[in-house]
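Here is the structure we will look at, set down as structure tokens.
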Amino acid sequence: MISFCAMKWNLFLTLPLFLLRFRSARFLSGFFIGMLIILLISFAVAGVSWPGEYLRLLQKPELSPHVDGMPNLRGLFSGIPRHSYFVITYALATVGVVILNWFVVFRTASREYAMAATCISGLLITPHAYPYDCVLLIPFLVTLGFNTSSLPVRYLAVLVLTPVFSLLLWSHTWHTFPQCALLALLLAMALEQRKNRKSSISGAAGK
């Protein structure tokens, strides 16, 4: 099932961290076998030239209209002029999201929690995403809402689940609010894992 992420690979750019964290032999073998099957089917249906055609398609500007409505960092920074500091700001924000994701994935024992962080961070750093792509977050946000002990994580997860989140992406005034909500949710998840780790260390020291 995890190999199906390849069909929307641009939304799962931080998946390698998840695979590195939960690297059981059966899990990884299933992932790579699934990937091999998908590639074989792709070549059988589209021929050997499809990778080049696919890359040329990705370079077309009309493939990504309405950038300011994207629920990612690209949408968040769409109003910034494309000067040199834009590239630096975008790069630093991307690195920050990856670090937050790494912190969550490698501090939690829950695969559901780690996959939630993977999906949120992947959605934020991808250069191409739209409101309908946020559907992939639904099962993990529901899991967060029920299982987290952090009120900020629970409230932000519920907020992202509401229709308001998607509607604001189409607002000319408030379109940056959803991206900030996703960033805040990922940060809250990292802070929760930091708090849990401190509590476990304190409990071990007390014993």
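In the structure tokens, the first chain shown is A, the next is B, and so on; residue numbers restart at 1 for each chain, and ligands run from 1 in the order shown.
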
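For Ala6 (chain A), the residues within 12 Å (counting only C-alpha atoms, excluding itself and residues fewer than 5 positions away along the chain) are Met1, Leu11, Phe12, Leu13, Leu15, Pro16, Phe31, Phe32, Gly34, Met35, Leu36, Ile37, Ile38, Leu39 and Ser42 of chain A.
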
Using C-alpha atoms, can you write the selected residues to a file as a short mmCIF file (atom, residue, chain, number, x, y, z; two decimals), in the first residue's frame?
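Heads up, here's the output in result-v4.cif:
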```cif
data_model
loop_
_atom_site.label_atom_id
_atom_site.label_comp_id
_atom_site.auth_asym_id
_atom_site.auth_seq_id
_atom_site.Cartn_x
_atom_site.Cartn_y
_atom_site.Cartn_z
CA MET A 1 0.00 0.00 0.00
CA LEU A 11 3.40 14.79 -2.11
CA PHE A 12 5.69 12.32 -0.35
CA LEU A 13 9.14 13.88 -0.67
CA LEU A 15 8.80 9.52 2.81
CA PRO A 16 12.45 8.28 2.80
CA PHE A 31 7.55 -1.30 -0.65
CA PHE A 32 10.19 -2.09 -3.28
CA GLY A 34 5.19 -2.69 -5.10
CA MET A 35 7.37 -0.01 -6.73
CA LEU A 36 8.76 -2.56 -9.20
CA ILE A 37 5.27 -3.71 -10.17
CA ILE A 38 4.13 -0.10 -10.72
CA LEU A 39 7.16 0.66 -12.91
CA SER A 42 3.98 1.91 -16.52
#
```

Practice task
Using only C-alpha atoms, determine which residues lie at most 10 Å from Ala157 (chain A), disregarding the query and same-chain residues fewer than 3 positions distant; provide the list as number ranges by chain.
Solution key: A: 137-138, 140-146, 148, 151-154, 160-162, 181-182, 185-186

Selected residues written out with C-alpha atoms, as a CSV table (one decimal), in the first residue's frame:
```
chain,number,residue,atom,x,y,z
A,137,LEU,CA,-4.4,14.0,5.4
A,138,ILE,CA,-7.9,13.1,6.5
A,140,PHE,CA,-4.1,10.8,9.9
A,141,LEU,CA,-5.7,14.0,11.2
A,142,VAL,CA,-8.5,12.0,12.6
A,143,THR,CA,-6.0,9.7,14.3
A,144,LEU,CA,-4.2,12.8,15.7
A,145,GLY,CA,-7.4,14.2,17.0
A,146,PHE,CA,-8.3,11.1,18.9
A,148,THR,CA,-2.8,13.0,20.8
A,151,LEU,CA,-4.4,20.2,22.9
A,152,PRO,CA,-2.7,22.4,20.3
A,153,VAL,CA,-2.2,19.3,18.1
A,154,ARG,CA,-5.8,18.2,18.5
A,160,VAL,CA,-7.4,21.5,9.1
A,161,LEU,CA,-10.2,19.0,8.8
A,162,THR,CA,-12.9,21.7,8.5
A,181,ALA,CA,-2.0,26.2,10.1
A,182,LEU,CA,-0.1,23.2,8.6
A,185,LEU,CA,0.5,21.7,13.3
A,186,LEU,CA,3.8,20.2,12.4
```

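Near Pro65 (chain A), within a cut-off of 10 Å and counting only C-alpha atoms, sit the residues Met70, His128 and Tyr130 of chain A, with same-chain residues fewer than 5 positions away left out.
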
Exercise for the section: Rank nothing, just name the residue among A:Val104, A:Leu156, A:Cys134, A:Leu55 nearest to Lys195 (chain A), using only C-alpha atoms. Expected result: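 Of all the options, A:Val104 lies closest to Lys195 (chain A).
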
Problem - From A:Leu73, A:Leu123, A:Leu20, A:Leu63, residue lying nearest Thr89 (chain A) [only C-alpha atoms] - result: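 The closest residue to Thr89 (chain A) is A:Leu73.
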
Practice task
Would you list the contacts of Arg107 (chain A) as a PyMOL selection string, taking every protein, DNA or RNA residue within 9 Å and counting only C-alpha atoms, but skipping same-chain residues closer than 4 positions in sequence?
Solution key: chain A and resi 102-103+114+190+193-194+196-197

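Pairwise distance (CA of Leu17 (chain A), CA of Cys119 (chain A)) equals 11.6 Å.
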
Practice task
Check the smallest atom-to-atom distance from each of A:Thr94, A:Ser149, A:Thr108, A:Asn72 to Pro178 (chain A) using only C-alpha atoms, then report the winner.
Solution key: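 With only C-alpha atoms as the atom set, the closest residue is A:Asn72.
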